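Undergrad: Got a file for you: data.csv, CSV, N, CA and C atoms.
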```csv
chain,number,residue,atom,x,y,z
A,1,MET,N,3.0,-17.8,0.9
A,1,MET,CA,3.2,-16.5,0.4
A,1,MET,C,2.8,-15.5,1.5
A,2,ILE,N,3.7,-14.6,1.8
A,2,ILE,CA,3.4,-13.6,2.8
A,2,ILE,C,3.3,-12.2,2.2
A,3,ARG,N,2.3,-11.5,2.6
A,3,ARG,CA,2.1,-10.1,2.0
A,3,ARG,C,1.9,-9.1,3.2
A,4,GLN,N,2.6,-8.0,3.1
A,4,GLN,CA,2.3,-6.9,4.0
A,4,GLN,C,1.3,-6.0,3.4
A,5,ILE,N,0.4,-5.5,4.2
A,5,ILE,CA,-0.6,-4.6,3.7
A,5,ILE,C,-0.6,-3.3,4.6
A,6,LEU,N,-0.5,-2.2,3.9
A,6,LEU,CA,-0.5,-0.9,4.7
A,6,LEU,C,-1.9,-0.4,4.9
A,7,PRO,N,-2.1,0.3,6.0
A,7,PRO,CA,-3.5,0.7,6.2
A,7,PRO,C,-3.9,1.9,5.3
A,8,TYR,N,-5.1,2.0,5.0
A,8,TYR,CA,-5.7,3.1,4.3
A,8,TYR,C,-6.6,3.9,5.3
A,9,THR,N,-6.8,5.2,5.0
A,9,THR,CA,-7.6,6.0,5.9
A,9,THR,C,-8.9,6.2,5.2
A,10,VAL,N,-9.7,5.2,5.0
A,10,VAL,CA,-11.0,5.3,4.3
A,10,VAL,C,-12.0,4.6,5.2
A,11,ALA,N,-13.1,5.3,5.5
A,11,ALA,CA,-14.2,4.6,6.4
A,11,ALA,C,-15.1,3.8,5.4
A,12,ILE,N,-15.5,2.7,5.9
A,12,ILE,CA,-16.4,1.9,5.1
A,12,ILE,C,-17.6,1.5,6.0
A,13,GLY,N,-18.8,1.3,5.4
A,13,GLY,CA,-19.9,1.0,6.2
A,13,GLY,C,-20.6,-0.3,6.0
A,14,LEU,N,-19.9,-1.4,6.2
A,14,LEU,CA,-20.5,-2.7,6.1
A,14,LEU,C,-20.8,-3.2,7.5
A,15,CYS,N,-21.5,-4.3,7.6
A,15,CYS,CA,-21.8,-4.9,8.9
A,15,CYS,C,-20.4,-5.4,9.5
A,16,SER,N,-20.3,-5.2,10.7
A,16,SER,CA,-19.0,-5.6,11.3
A,16,SER,C,-19.1,-6.2,12.7
A,17,ILE,N,-18.1,-6.8,13.2
A,17,ILE,CA,-18.0,-7.3,14.6
A,17,ILE,C,-16.9,-6.6,15.3
A,18,VAL,N,-17.2,-6.0,16.5
A,18,VAL,CA,-16.2,-5.3,17.3
A,18,VAL,C,-15.6,-6.3,18.3
A,19,TYR,N,-14.3,-6.4,18.3
A,19,TYR,CA,-13.7,-7.3,19.2
A,19,TYR,C,-12.9,-6.4,20.3
A,20,GLY,N,-13.3,-6.6,21.5
A,20,GLY,CA,-12.5,-5.9,22.6
A,20,GLY,C,-11.4,-6.9,23.0
A,21,ILE,N,-10.2,-6.6,22.6
A,21,ILE,CA,-9.1,-7.5,22.8
A,21,ILE,C,-8.6,-7.2,24.2
A,22,GLU,N,-8.9,-8.2,25.1
A,22,GLU,CA,-8.5,-8.1,26.5
A,22,GLU,C,-7.2,-8.7,26.9
A,23,THR,N,-6.8,-9.7,26.0
A,23,THR,CA,-5.5,-10.4,26.3
A,23,THR,C,-4.5,-10.0,25.3
A,24,GLU,N,-3.2,-10.4,25.6
A,24,GLU,CA,-2.1,-10.1,24.7
A,24,GLU,C,-2.2,-10.8,23.4
A,25,GLU,N,-2.7,-12.1,23.5
A,25,GLU,CA,-2.9,-12.9,22.3
A,25,GLU,C,-4.3,-13.4,22.1
A,26,SER,N,-4.8,-13.2,20.9
A,26,SER,CA,-6.2,-13.7,20.6
A,26,SER,C,-6.2,-14.5,19.3
A,27,GLN,N,-7.0,-15.5,19.3
A,27,GLN,CA,-7.1,-16.3,18.1
A,27,GLN,C,-8.6,-16.4,17.7
A,28,MET,N,-8.9,-16.2,16.4
A,28,MET,CA,-10.3,-16.4,15.9
A,28,MET,C,-10.3,-17.1,14.6
A,29,LYS,N,-11.5,-17.5,14.2
A,29,LYS,CA,-11.6,-18.3,13.0
A,29,LYS,C,-12.7,-17.6,12.1
A,30,ALA,N,-12.5,-17.5,10.8
A,30,ALA,CA,-13.5,-16.9,9.9
A,30,ALA,C,-13.7,-17.9,8.8
A,31,ASP,N,-14.9,-18.5,8.7
A,31,ASP,CA,-15.3,-19.3,7.6
A,31,ASP,C,-16.1,-18.5,6.7
A,32,LEU,N,-15.7,-18.5,5.4
A,32,LEU,CA,-16.3,-17.7,4.4
A,32,LEU,C,-16.6,-18.5,3.2
A,33,GLU,N,-17.6,-18.1,2.4
A,33,GLU,CA,-17.9,-18.6,1.1
A,33,GLU,C,-17.3,-17.7,0.1
A,34,VAL,N,-17.0,-18.1,-1.1
A,34,VAL,CA,-16.5,-17.2,-2.1
A,34,VAL,C,-17.5,-16.0,-2.3
A,35,GLY,N,-17.0,-14.8,-2.2
A,35,GLY,CA,-17.9,-13.6,-2.3
A,35,GLY,C,-18.3,-13.1,-0.9
A,36,GLY,N,-18.1,-14.0,0.1
A,36,GLY,CA,-18.5,-13.6,1.5
A,36,GLY,C,-17.5,-12.6,2.1
A,37,VAL,N,-18.0,-11.8,3.0
A,37,VAL,CA,-17.2,-10.7,3.7
A,37,VAL,C,-17.3,-10.8,5.2
A,38,LYS,N,-16.2,-10.6,5.8
A,38,LYS,CA,-16.2,-10.6,7.3
A,38,LYS,C,-15.4,-9.3,7.7
A,39,GLN,N,-15.9,-8.6,8.6
A,39,GLN,CA,-15.2,-7.4,9.1
A,39,GLN,C,-14.9,-7.6,10.6
A,40,ILE,N,-13.7,-7.2,10.9
A,40,ILE,CA,-13.3,-7.2,12.3
A,40,ILE,C,-12.9,-5.8,12.7
A,41,GLU,N,-13.4,-5.3,13.8
A,41,GLU,CA,-13.0,-4.0,14.3
A,41,GLU,C,-12.2,-4.1,15.5
A,42,LEU,N,-11.0,-3.5,15.5
A,42,LEU,CA,-10.1,-3.6,16.7
A,42,LEU,C,-9.9,-2.2,17.2
A,43,PRO,N,-10.0,-2.1,18.6
A,43,PRO,CA,-9.7,-0.8,19.2
A,43,PRO,C,-8.3,-0.3,18.9
A,44,SER,N,-8.2,1.0,18.6
A,44,SER,CA,-6.8,1.5,18.3
A,44,SER,C,-6.8,3.0,18.7
A,45,ASN,N,-5.6,3.5,19.0
A,45,ASN,CA,-5.4,4.9,19.2
A,45,ASN,C,-4.1,5.4,18.7
A,46,PRO,N,-4.1,5.8,17.4
A,46,PRO,CA,-2.8,6.2,16.8
A,46,PRO,C,-2.1,7.3,17.5
A,47,SER,N,-2.7,8.1,18.3
A,47,SER,CA,-2.1,9.2,19.0
A,47,SER,C,-1.0,8.7,20.0
A,48,THR,N,-1.1,7.4,20.4
A,48,THR,CA,-0.1,6.8,21.3
A,48,THR,C,1.1,6.3,20.5
A,49,GLY,N,1.0,6.3,19.2
A,49,GLY,CA,2.1,5.8,18.4
A,49,GLY,C,1.9,4.3,18.0
A,50,TYR,N,0.9,3.7,18.6
A,50,TYR,CA,0.6,2.3,18.3
A,50,TYR,C,-0.3,2.2,17.1
A,51,LYS,N,-0.1,1.1,16.3
A,51,LYS,CA,-1.0,0.9,15.2
A,51,LYS,C,-1.0,-0.6,14.9
A,52,TRP,N,-2.1,-1.1,14.3
A,52,TRP,CA,-2.2,-2.5,13.9
A,52,TRP,C,-1.5,-2.7,12.6
A,53,GLU,N,-0.5,-3.7,12.6
A,53,GLU,CA,0.2,-4.0,11.4
A,53,GLU,C,-0.3,-5.4,11.0
A,54,LEU,N,-0.4,-5.6,9.7
A,54,LEU,CA,-1.0,-6.9,9.2
A,54,LEU,C,0.0,-7.6,8.3
A,55,ALA,N,0.1,-8.9,8.5
A,55,ALA,CA,0.8,-9.8,7.6
A,55,ALA,C,-0.2,-10.9,7.2
A,56,ILE,N,-0.2,-11.3,6.0
A,56,ILE,CA,-1.1,-12.4,5.5
A,56,ILE,C,-0.2,-13.5,5.0
A,57,ILE,N,-0.6,-14.7,5.4
A,57,ILE,CA,0.0,-15.9,4.9
A,57,ILE,C,-1.1,-16.7,4.2
A,58,MET,N,-1.0,-17.0,2.9
A,58,MET,CA,-2.0,-17.7,2.2
A,58,MET,C,-1.4,-18.7,1.2
A,59,ASP,N,-2.3,-19.7,0.8
A,59,ASP,CA,-1.8,-20.7,-0.1
A,59,ASP,C,-1.9,-20.1,-1.5
A,60,ASP,N,-1.4,-20.9,-2.5
A,60,ASP,CA,-1.3,-20.4,-3.9
A,60,ASP,C,-2.6,-20.0,-4.6
A,61,SER,N,-3.7,-20.4,-4.0
A,61,SER,CA,-5.0,-20.0,-4.7
A,61,SER,C,-5.4,-18.6,-4.4
A,62,GLU,N,-4.6,-17.9,-3.5
A,62,GLU,CA,-5.0,-16.5,-3.1
A,62,GLU,C,-6.4,-16.4,-2.8
A,63,PRO,N,-6.9,-17.0,-1.6
A,63,PRO,CA,-8.3,-17.1,-1.3
A,63,PRO,C,-8.9,-15.9,-0.8
A,64,ILE,N,-8.2,-14.9,-0.4
A,64,ILE,CA,-8.8,-13.7,0.2
A,64,ILE,C,-8.2,-12.4,-0.3
A,65,LYS,N,-9.0,-11.3,-0.1
A,65,LYS,CA,-8.5,-10.0,-0.4
A,65,LYS,C,-8.8,-9.3,1.0
A,66,VAL,N,-7.9,-8.5,1.4
A,66,VAL,CA,-8.0,-7.8,2.7
A,66,VAL,C,-7.8,-6.3,2.6
A,67,GLU,N,-8.7,-5.5,3.2
A,67,GLU,CA,-8.5,-4.1,3.3
A,67,GLU,C,-8.4,-3.7,4.7
A,68,VAL,N,-7.6,-2.7,5.0
A,68,VAL,CA,-7.5,-2.2,6.4
A,68,VAL,C,-7.8,-0.7,6.3
A,69,THR,N,-8.8,-0.3,7.2
A,69,THR,CA,-9.2,1.1,7.2
A,69,THR,C,-9.3,1.5,8.7
A,70,LYS,N,-9.5,2.8,8.8
A,70,LYS,CA,-9.7,3.4,10.2
A,70,LYS,C,-11.1,4.0,10.3
A,71,LYS,N,-11.6,3.9,11.5
A,71,LYS,CA,-12.9,4.4,11.7
A,71,LYS,C,-12.9,5.2,13.1
A,72,ILE,N,-13.5,6.4,13.0
A,72,ILE,CA,-13.6,7.2,14.3
A,72,ILE,C,-15.1,7.3,14.6
A,73,PRO,N,-15.5,6.9,15.8
A,73,PRO,CA,-16.9,7.0,16.2
A,73,PRO,C,-17.3,8.5,16.1
A,74,GLU,N,-18.6,8.8,15.7
A,74,GLU,CA,-19.0,10.2,15.6
A,74,GLU,C,-18.8,11.0,16.9
A,75,GLU,N,-19.0,10.4,18.0
A,75,GLU,CA,-18.9,11.2,19.3
A,75,GLU,C,-17.4,11.5,19.6
A,76,LYS,N,-16.5,11.0,18.8
A,76,LYS,CA,-15.0,11.3,19.1
A,76,LYS,C,-14.4,12.1,18.0
A,77,ILE,N,-15.2,12.5,16.9
A,77,ILE,CA,-14.7,13.3,15.9
A,77,ILE,C,-14.3,14.7,16.4
A,78,GLY,N,-13.1,15.1,16.1
A,78,GLY,CA,-12.7,16.5,16.6
A,78,GLY,C,-12.0,16.5,17.9
A,79,ILE,N,-12.0,15.4,18.6
A,79,ILE,CA,-11.4,15.3,20.0
A,79,ILE,C,-9.9,14.9,19.8
A,80,ILE,N,-9.0,15.7,20.1
A,80,ILE,CA,-7.6,15.4,20.0
A,80,ILE,C,-7.2,14.2,20.9
A,81,GLY,N,-6.5,13.3,20.3
A,81,GLY,CA,-6.0,12.1,21.1
A,81,GLY,C,-7.1,11.0,21.3
A,82,ALA,N,-8.3,11.2,20.8
A,82,ALA,CA,-9.3,10.2,20.9
A,82,ALA,C,-9.0,8.9,20.1
A,83,GLY,N,-9.3,7.8,20.7
A,83,GLY,CA,-9.1,6.5,20.0
A,83,GLY,C,-10.2,6.3,19.0
A,84,GLY,N,-10.0,5.2,18.3
A,84,GLY,CA,-11.0,4.8,17.3
A,84,GLY,C,-10.9,3.3,17.0
A,85,LEU,N,-11.2,2.9,15.8
A,85,LEU,CA,-11.1,1.5,15.5
A,85,LEU,C,-10.3,1.3,14.2
A,86,THR,N,-9.6,0.2,14.1
A,86,THR,CA,-9.0,-0.3,12.9
A,86,THR,C,-9.9,-1.4,12.4
A,87,VAL,N,-10.4,-1.2,11.1
A,87,VAL,CA,-11.3,-2.2,10.5
A,87,VAL,C,-10.6,-3.0,9.5
A,88,ILE,N,-10.7,-4.3,9.8
A,88,ILE,CA,-10.1,-5.3,8.9
A,88,ILE,C,-11.3,-6.0,8.1
A,89,THR,N,-11.3,-5.8,6.8
A,89,THR,CA,-12.3,-6.4,5.9
A,89,THR,C,-11.7,-7.5,5.1
A,90,ILE,N,-12.2,-8.7,5.3
A,90,ILE,CA,-11.7,-9.9,4.6
A,90,ILE,C,-12.8,-10.4,3.7
A,91,LYS,N,-12.4,-10.5,2.4
A,91,LYS,CA,-13.4,-11.0,1.4
A,91,LYS,C,-12.9,-12.3,0.8
A,92,GLY,N,-13.8,-13.3,0.7
A,92,GLY,CA,-13.4,-14.6,0.1
A,92,GLY,C,-13.4,-14.5,-1.4
A,93,ILE,N,-12.3,-14.8,-2.0
A,93,ILE,CA,-12.1,-14.7,-3.5
A,93,ILE,C,-12.1,-16.1,-4.2
A,94,ASN,N,-11.3,-17.0,-3.6
A,94,ASN,CA,-11.2,-18.3,-4.2
A,94,ASN,C,-11.2,-19.3,-3.0
A,95,PRO,N,-11.6,-20.6,-3.2
A,95,PRO,CA,-11.5,-21.6,-2.2
A,95,PRO,C,-10.0,-21.7,-1.7
A,96,GLY,N,-9.8,-21.9,-0.4
A,96,GLY,CA,-8.5,-22.0,0.1
A,96,GLY,C,-8.4,-21.6,1.5
A,97,ASN,N,-7.2,-21.5,2.0
A,97,ASN,CA,-6.9,-21.2,3.4
A,97,ASN,C,-5.9,-20.0,3.5
A,98,ALA,N,-6.1,-19.2,4.5
A,98,ALA,CA,-5.2,-18.1,4.8
A,98,ALA,C,-5.1,-17.8,6.3
A,99,GLN,N,-4.1,-17.0,6.7
A,99,GLN,CA,-4.0,-16.6,8.0
A,99,GLN,C,-3.6,-15.1,8.0
A,100,CYS,N,-4.4,-14.3,8.8
A,100,CYS,CA,-4.1,-12.9,9.0
A,100,CYS,C,-3.5,-12.8,10.4
A,101,ILE,N,-2.4,-12.1,10.5
A,101,ILE,CA,-1.7,-11.9,11.8
A,101,ILE,C,-1.6,-10.4,12.0
A,102,LEU,N,-2.3,-9.9,13.0
A,102,LEU,CA,-2.4,-8.5,13.3
A,102,LEU,C,-1.6,-8.3,14.6
A,103,GLU,N,-0.7,-7.3,14.6
A,103,GLU,CA,0.1,-7.0,15.7
A,103,GLU,C,0.0,-5.5,16.0
A,104,TYR,N,-0.4,-5.2,17.3
A,104,TYR,CA,-0.5,-3.8,17.8
A,104,TYR,C,0.8,-3.4,18.4
A,105,LYS,N,1.5,-2.5,17.6
A,105,LYS,CA,2.8,-2.1,18.1
A,105,LYS,C,3.2,-0.7,17.5
A,106,ARG,N,4.3,-0.2,18.1
A,106,ARG,CA,4.9,1.0,17.5
A,106,ARG,C,5.9,0.6,16.4
A,107,PRO,N,5.7,1.1,15.2
A,107,PRO,CA,6.5,0.6,14.1
A,107,PRO,C,8.0,0.9,14.3
A,108,TRP,N,8.4,1.9,15.0
A,108,TRP,CA,9.8,2.2,15.2
A,108,TRP,C,10.5,1.4,16.3
A,109,GLU,N,9.7,0.7,17.1
A,109,GLU,CA,10.3,-0.1,18.2
A,109,GLU,C,10.5,-1.6,17.7
A,110,LYS,N,11.5,-1.7,16.9
A,110,LYS,CA,11.8,-3.0,16.2
A,110,LYS,C,12.1,-4.1,17.1
A,111,ASP,N,12.7,-3.8,18.2
A,111,ASP,CA,13.2,-4.9,19.1
A,111,ASP,C,12.2,-5.3,20.2
A,112,LYS,N,11.0,-4.6,20.2
A,112,LYS,CA,10.0,-4.9,21.2
A,112,LYS,C,8.9,-5.8,20.7
A,113,ALA,N,8.4,-6.6,21.5
A,113,ALA,CA,7.3,-7.5,21.2
A,113,ALA,C,6.0,-6.6,21.0
A,114,PRO,N,5.0,-7.1,20.2
A,114,PRO,CA,3.8,-6.3,20.1
A,114,PRO,C,3.0,-6.3,21.4
A,115,VAL,N,2.3,-5.3,21.7
A,115,VAL,CA,1.5,-5.2,22.9
A,115,VAL,C,0.3,-6.2,22.8
A,116,LYS,N,-0.3,-6.3,21.6
A,116,LYS,CA,-1.3,-7.3,21.4
A,116,LYS,C,-1.1,-8.0,20.0
A,117,ARG,N,-1.6,-9.2,19.9
A,117,ARG,CA,-1.6,-9.9,18.7
A,117,ARG,C,-2.9,-10.7,18.5
A,118,VAL,N,-3.4,-10.5,17.3
A,118,VAL,CA,-4.7,-11.3,16.9
A,118,VAL,C,-4.3,-12.1,15.7
A,119,THR,N,-4.7,-13.4,15.7
A,119,THR,CA,-4.5,-14.3,14.6
A,119,THR,C,-5.8,-14.7,14.1
A,120,VAL,N,-6.1,-14.5,12.8
A,120,VAL,CA,-7.4,-14.9,12.2
A,120,VAL,C,-7.1,-16.0,11.2
A,121,ASP,N,-7.6,-17.2,11.5
A,121,ASP,CA,-7.5,-18.3,10.5
A,121,ASP,C,-8.7,-18.3,9.6
A,122,VAL,N,-8.5,-18.1,8.3
A,122,VAL,CA,-9.6,-18.0,7.3
A,122,VAL,C,-9.7,-19.2,6.4
A,123,SER,N,-10.9,-19.7,6.3
A,123,SER,CA,-11.2,-20.8,5.4
A,123,SER,C,-12.2,-20.3,4.4
A,124,VAL,N,-12.0,-20.4,3.1
A,124,VAL,CA,-12.9,-20.0,2.1
A,124,VAL,C,-13.4,-21.3,1.3
A,125,LYS,N,-14.7,-21.4,1.3
A,125,LYS,CA,-15.3,-22.6,0.6
A,125,LYS,C,-16.1,-22.1,-0.6
A,126,LYS,N,-16.4,-23.0,-1.6
A,126,LYS,CA,-17.2,-22.6,-2.7
A,126,LYS,C,-18.6,-22.2,-2.3
```
The structure in this file should be written as structure tokens.
TA:
Amino acid sequence: MIRQILPYTVAIGLCSIVYGIETEESQMKADLEVGGVKQIELPSNPSTGYKWELAIIMDDSEPIKVEVTKKIPEEKIGIIGAGGLTVITIKGINPGNAQCILEYKRPWEKDKAPVKRVTVDVSVKK
């Protein structure tokens, strides 16, 4: 099952991990228990036209719930063109496996490959 999730513009304040994506392709693993939460913060700058787009592939148990939000560091609030972070919050709902594929690209450039891609393999246990 593949689901597209559109970003929301709501800041949330949970514990998170910031990933500086240095390469075009990155792979990570998230092991969660049911009820567990993992946050991943990815650098982004929407003023350039680029944004993180998310696709989720999961088994029939629907093991995760995902929220996408944006976060602007306090020191950058009010600065035109300043970058921020896209926050991916993954919550374990049911035991199972899923994969989150994030691509940093301009939505209107359909024939171009993404500038960066992050794949998160998620495993949820009881």
Undergrad: Would you list the contacts of Pro63 in chain A as JSON, numbers by chain, taking every protein, DNA or RNA residue within 5 Å and counting only N, CA and C atoms, but skipping same-chain residues closer than 5 positions in sequence?
TA: {"A": [92, 93, 94, 95]}
Undergrad: Set the distance at 7 Å and use all atoms listed in the file: which residues neighbour range 76-86 of chain A once local chain neighbours fewer than 3 positions away are removed? I'd like the list as a ChimeraX atom specification.
TA: /A:40-48,68-73
Undergrad: From the options A:Lys125, A:Thr119, A:Ala113, A:Ala98, which residue's atoms come nearest to Gly35 in chain A, counting all atoms listed in the file?
TA: A:Lys125
Undergrad: What gap, in Å, lies between CA of Lys29 in chain A and CA of Val66 in chain A?
TA: 15.1 Å
Undergrad: Could you give me the residues within chain A that DSSP places in strand (DSSP E or B), as a VMD selection string?
TA: chain A and resid 2 to 5 17 to 18 25 to 33 37 to 44 51 to 58 64 to 71 84 to 92 96 to 105 116 to 125
Undergrad: Find the distance between atom C of Val34 in chain A and atom N of Val118 in chain A and write it in Å to one decimal.
TA: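 Atom N of Val118 in chain A lies 24.8 Å from atom C of Val34 in chain A.
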Undergrad: Report, in Å with one decimal, the straight-line distance from CA of Glu109 in chain A to CA of Gly49 in chain A.
TA: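 About the pair CA of Glu109 in chain A and CA of Gly49 in chain A: they are 10.1 Å apart.
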Undergrad: Tell me which of A:Ile101, A:Ser123, A:Lys110, A:Val115 sits closest to Ala55 in chain A, counting all atoms listed in the file.
TA: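 Checking each of A:Ile101, A:Ser123, A:Lys110, A:Val115 against Ala55 in chain A, counting all atoms listed in the file, the winner is A:Ile101.
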